[in-house]
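S.K.: If you scroll down you'll find the structure; I have some questions about it.
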Amino acid sequence: MTGETHDVGARLRELVVAGDLAALHGHLDSLTGADLTAARRWVAATHDLDGYPWPDDLGDPRDPDHYARAQRMRLARLTTWGRLGAPVAAAKVLAAEGTFLTDEQVRELVPAFTTRDRAWAQAFASAADAVKPSARGAGKVALLLRAVVVAHRLPVPTGRTFHSVWIRELASHANPSRWAKDRSPTLEPLLADPLLPDVVYLQLASGEVGTWTGFGAVLPTLVEKGLIDRGRTLAVALEQLTAGQKPSSQKALAGVLTALELRAEEVPGGLDYLTSVLSSCHGSAAGVVLAVAIDLVDQDAGAVELARVLAPRSEKGLRRSLLAALTPTRLGQRVSSQALLEAIDVLAAGEDVSDRPRYDKARAALGVVPTPEPVDAAPEPLGLWDLTPPRLEEHRPVHPGVPLRDIVKQHMRAKDKSWEQSQATERVLDALARGDLTTAGLVGIAHELTAEGRLSPVRSAVLFESLFLGGAMRLVWPAALATAGLAATGRPRPGLERLLGLLSSYAAEPPRPVRLPSRLVEIASGNTKASREAARLVRLVDAPIDGVEPDEVDLALWDETTERPPQGLAFPPKRDLDSVGRRVSAGWGHHSHQPDTRHRVLRCLALEEIVDLLPVHGVDVVRARLVEDVACPSWPVAEAVALWASGRLDLTTYWRMVEDVETVSGKSHEWRVHHDAYHRWSVRDGLRVDPPVMPAWWSDDDQFLEFLHACEVLLCGERGGQVLSTPDRVDGTLGLDALLDRLSRARTVGPVDLRLALARLRPTSPANAARVPPSVHTDPALTAASGDHEMDAAEMVRAWVGAGGLRCRPGPDAYGLRTFRAESPWSWDSLPALSRRPVPDLPHYRHNDIWRLPGRPDVWLRNGLRVTSSSETLADVGGTLDVPGWRTVLAALATMPPDYTAVDFASLVRLMRQGRLDPAVAAATATAEWDAGATVIGDGVGWEHAFLRGALRGLWPVAVAVVEAGLRRPEPPEEIDALQAVLRRYAHHVPADAVPSWLADA
């Protein structure tokens, strides 16, 4: 050994690549002095596991032992970290790599981590206890962490990662799931745990005990065997009930108290402590605590204080439990009758009218005759009506990527999670102050939730009250009245009395009289809780009872806004050799996990720029510059440019990639390469083996075609060819004038490039076929592997334009399933380069809601509107919403709640503003779907949602056309009635000349 880092590192690298742990341990044991220092320096300098091992170390992925060899490399690499690495860095590496390991492999790492000294082990345990590994990696980290703690007799970890794994493993043994291989419960692993008893106490305090709420059931056995102390366990559980743990954990803590049979005299702090617990604990634990607290009541003040704590809580069951104890035969044995009456009055103060008979009965048992209920007096005004909502100095959304409207909707929707109330209130008040949210917007949300059947009057009342007190009462009061009217329509929504009670509480604020929705006046004569609250509201606001509806809030649904289509924008071309390589590798040519058409266009422009630079600077100069600038390529276009710049891309390599790529065991090689974390595997690495093994992205049609097209363009360019397919608009489309201009200047073209140009061609008149210039042929060397075949490109363009381009019509697919047929003058699989990997024009459905834009293999859409894995929509891409798109949109609008969130209403609004919603195509699609026996309209709620979201002007003529198409059928579908009902409800929001006569007469 020389002590030089390079020499030591080279030897370590050899051992890591070999994956022989025994040899590696032997070598590490032999290191001393300068060599040991150099080895530690080498480990610290190679912390990037993503780049290790290099693709050259992988060998041929076809080898049967490929996966096992890769795992041995990973274990050897982690071994060097355990033996030589810093404790914090070793913990982070373990958390990152644990996902890829099995429990047996982690146990092989134990010697590397337990042979270090106690100080290192302590630092490692602290760091590993604090890291946040993946869900799959948490168990591996906890396994190695436990081994280090036990080996060095360290304190039990306190972190959530360790304890979440510990409680899950205990549950799997003590309470096996139905699908477990061994369903026999056992406590043997727990009884043999060397970390007892501290692990139990720390588990209760970790916040993870709620993972298994039945944890308390195993504790009596531990107490009986003397493995834990019963008193300390109860003390920890009681203490943690005030620590604000999640509800499931509080339920588990209450289960501990029940399982260990907590007695009243064992509570430290007595009744005072339990009342503090009851003031904040979750309802799932409150019942157990209340039972003990009742046993501790022995003075008058205690009974009244317990009632004061329970009165504000929302759980009626708790108040009823205490009420049942406030009798002469129970608590009356220990406290005075006066204290019982006072406690009953405290509990009754917050109850609604339906529970008053219970309290009257409790008073009667004490000999007190109930007094008649006094008439409600008008509350004193607080001056809220004249306030204005505050504006925040820093305007930002409640949650990035989530519209404010959706946040408000979540706070008004039943059985839904909400963002933190105070944060949402601040943002809503700010939006009301700025005009971003209006009264009409709030009423529109209430209409949407009513249509879904998910409007929650209780949750709405909480939101409205916070807005009232925040200074927005003048804006929100009409919305609250309208929401109450909607909740009372038909069968009143549960919890309506809470919303009406809120309105009554603030009835003194608005100017009198207040005209209420007629439905609220109607139900005021009933005898339900909501009816009583409605009668109270009518009385407090002096509401007229003449049946006249109040002025309706104008929802402003008929949107006249227009927007320029994306085909009106173009990128300026560039010709800069000094920067084109950086743009290919860093920005323009870089593949994003969320690709969009704009970046695809930039990549196409970069390719065209490289080809245009070839005759100016020469092939060798351009290659030399790109080799420097595209040093670390990633994903298709950059891979193709790097391969060409390195001189490895020639005609032989091109046809080898097209014809000779194999698969193994039914799975492509890229699956193994990718899922073994070898995402550095590139095309150049794949070409080392024969037949080639391609990277993970090769399996995606769009990325495969993008790479193949880039290779063809570069090869054709160096042979003097012309690029045809570069879009001339940012939406990725190509105009006929631009295509004809390029053809007129071309000596030769590539066949894949030509076909892609036709796929991007915007619709044009068949008469323009006569404008196509004289004959231009494809490059024979790129047309067929033999190099003896060419195609007349000009004739292909002429035939495509003359035939009307790509046509998509309903029809069965090859399996007889209902879909669409693409009729193309020239199919993709007619190209020899794509004969083994054909690319369908349309409609190759990946899932029910994803389809390919007709003729555009590089654009996938979801729900007929949104580009897959992207924020881009059809409104950014261009083209009409044709038959496949309308089929997807109609299907989405016909789904049942709560699936309407899957419909991209914002894109529908943009398409409407761009004038791209064609009623005739929508009606034709609906007719084809009815012919096939499919549901087209459903319950009509989806259409109502779209109207309320601002798409009324665009979808109104579409809905009319669909209804008329249905009425013209010999047997009109029954679902037509649902859409007609929606049209009738919203006809008053539409200009009179847009309402058809059959609807106006109805």
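Residue numbers start at 1 in each chain; chains themselves are named A, B, ... in the order of the structure tokens; ligands are numbered from 1 in the order shown.
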Give me the residues within 6 Å of stretch 79-95 of chain A as a ChimeraX atom specification, counting only C-alpha atoms and dropping any in the same chain fewer than 3 places off.
M.R.: /A:40,76,98,112-113,123-124,127-128,133
S.K.: Can those selected residues be exported to a file as a PDB file, in the first residue's frame so that it contains C-alpha atoms?
M.R.:
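So out.pdb came out as:
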ATOM      1  CA  ARG A  40     -11.899   6.975   4.565  1.00  0.00           C
ATOM      2  CA  ALA A  76     -20.316  -3.956  -0.709  1.00  0.00           C
ATOM      3  CA  GLY A  98     -32.712   0.487   2.226  1.00  0.00           C
ATOM      4  CA  ALA A 112     -19.870  -3.617   9.211  1.00  0.00           C
ATOM      5  CA  PHE A 113     -21.915  -1.281  11.431  1.00  0.00           C
ATOM      6  CA  ALA A 123     -23.789   9.105  16.642  1.00  0.00           C
ATOM      7  CA  PHE A 124     -25.016   6.686  13.976  1.00  0.00           C
ATOM      8  CA  ALA A 127     -28.738  10.059  12.961  1.00  0.00           C
ATOM      9  CA  ALA A 128     -30.517   6.898  11.797  1.00  0.00           C
ATOM     10  CA  PRO A 133     -36.548   6.842   4.709  1.00  0.00           C
TER      11      PRO A 133
END
S.K.: Excluding stretch 792-805 of chain A and its own-chain neighbours fewer than 5 positions away, which residues fall within 7 Å of it when counting only C-alpha atoms? Please give them as an mmCIF file with N, CA, C and O atoms, in the first residue's frame.
M.R.:
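Saved the output as part_38.cif:
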data_model
loop_
_atom_site.group_PDB
_atom_site.id
_atom_site.type_symbol
_atom_site.label_atom_id
_atom_site.label_comp_id
_atom_site.auth_asym_id
_atom_site.auth_seq_id
_atom_site.Cartn_x
_atom_site.Cartn_y
_atom_site.Cartn_z
ATOM 1 N N PRO A 766 -58.362 19.986 -49.178
ATOM 2 C CA PRO A 766 -57.775 19.016 -50.115
ATOM 3 C C PRO A 766 -57.338 19.657 -51.423
ATOM 4 O O PRO A 766 -56.451 19.130 -52.110
ATOM 5 N N ALA A 767 -57.938 20.800 -51.777
ATOM 6 C CA ALA A 767 -57.565 21.457 -53.030
ATOM 7 C C ALA A 767 -56.117 21.933 -53.019
ATOM 8 O O ALA A 767 -55.510 22.139 -54.077
ATOM 9 N N ASN A 768 -55.543 22.093 -51.830
ATOM 10 C CA ASN A 768 -54.159 22.549 -51.732
ATOM 11 C C ASN A 768 -53.146 21.495 -52.142
ATOM 12 O O ASN A 768 -51.950 21.763 -52.195
ATOM 13 N N ALA A 769 -53.630 20.261 -52.424
ATOM 14 C CA ALA A 769 -52.704 19.218 -52.869
ATOM 15 C C ALA A 769 -52.008 19.615 -54.163
ATOM 16 O O ALA A 769 -50.870 19.197 -54.426
ATOM 17 N N VAL A 772 -48.350 21.268 -53.990
ATOM 18 C CA VAL A 772 -47.148 20.544 -53.583
ATOM 19 C C VAL A 772 -46.119 20.597 -54.713
ATOM 20 O O VAL A 772 -46.444 20.347 -55.874
ATOM 21 N N PRO A 773 -44.860 20.916 -54.402
ATOM 22 C CA PRO A 773 -43.836 21.059 -55.447
ATOM 23 C C PRO A 773 -43.510 19.727 -56.114
ATOM 24 O O PRO A 773 -43.970 18.671 -55.670
ATOM 25 N N PRO A 774 -42.673 19.766 -57.149
ATOM 26 C CA PRO A 774 -42.321 18.519 -57.861
ATOM 27 C C PRO A 774 -41.609 17.532 -56.948
ATOM 28 O O PRO A 774 -41.329 17.800 -55.790
ATOM 29 N N SER A 775 -41.280 16.406 -57.533
ATOM 30 C CA SER A 775 -40.814 15.246 -56.797
ATOM 31 C C SER A 775 -39.577 15.524 -55.948
ATOM 32 O O SER A 775 -38.600 16.102 -56.403
ATOM 33 N N VAL A 776 -39.665 15.102 -54.662
ATOM 34 C CA VAL A 776 -38.541 15.066 -53.722
ATOM 35 C C VAL A 776 -38.568 13.677 -53.078
ATOM 36 O O VAL A 776 -39.618 13.220 -52.644
ATOM 37 N N HIS A 777 -37.414 13.009 -53.010
ATOM 38 C CA HIS A 777 -37.388 11.634 -52.536
ATOM 39 C C HIS A 777 -36.739 11.538 -51.157
ATOM 40 O O HIS A 777 -35.938 12.379 -50.765
ATOM 41 N N THR A 778 -37.103 10.473 -50.456
ATOM 42 C CA THR A 778 -36.470 10.201 -49.167
ATOM 43 C C THR A 778 -35.086 9.610 -49.397
ATOM 44 O O THR A 778 -34.785 9.055 -50.461
ATOM 45 N N SER A 824 -55.852 6.567 -42.240
ATOM 46 C CA SER A 824 -54.718 7.400 -42.623
ATOM 47 C C SER A 824 -54.271 7.048 -44.028
ATOM 48 O O SER A 824 -54.179 5.862 -44.383
ATOM 49 N N PRO A 825 -53.962 8.046 -44.875
ATOM 50 C CA PRO A 825 -53.420 7.749 -46.197
ATOM 51 C C PRO A 825 -52.061 7.067 -46.143
ATOM 52 O O PRO A 825 -51.638 6.453 -47.123
#
S.K.: What is the atom CA of A:Val963 to atom CA of A:Leu983 distance in Å?
M.R.: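 A separation of 9.8 Å between them.
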S.K.: Excluding A:Gly231 and its own-chain neighbours fewer than 6 positions away, which residues fall within 12 Å of it when counting only C-alpha atoms? Please give them as a list in words.
M.R.: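 Those residues are Tyr201, Leu219, Pro220, Val223, Ala237, Leu238, Val256, Leu257, Leu260, Glu261, Leu262, Arg263, Glu265, Glu266, Val267 and Pro268 of chain A.
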S.K.: I'd like to know which of A:Asp977, A:Asp576, A:Asp701, A:Asp650 is closest to A:Asp841, using only C-alpha atoms.
M.R.: A:Asp701
S.K.: Which one is closest to A:Ser504: A:Pro566, A:Pro379, A:Gly787, A:Gly137? Count only C-alpha atoms.
M.R.: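 Using only C-alpha atoms, A:Ser504 sits closest to A:Pro379.
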S.K.: If I take atom CA of A:Thr425 and atom CA of A:Gly470, how far is one from the other in Å, to one decimal?
M.R.: 8.1 Å
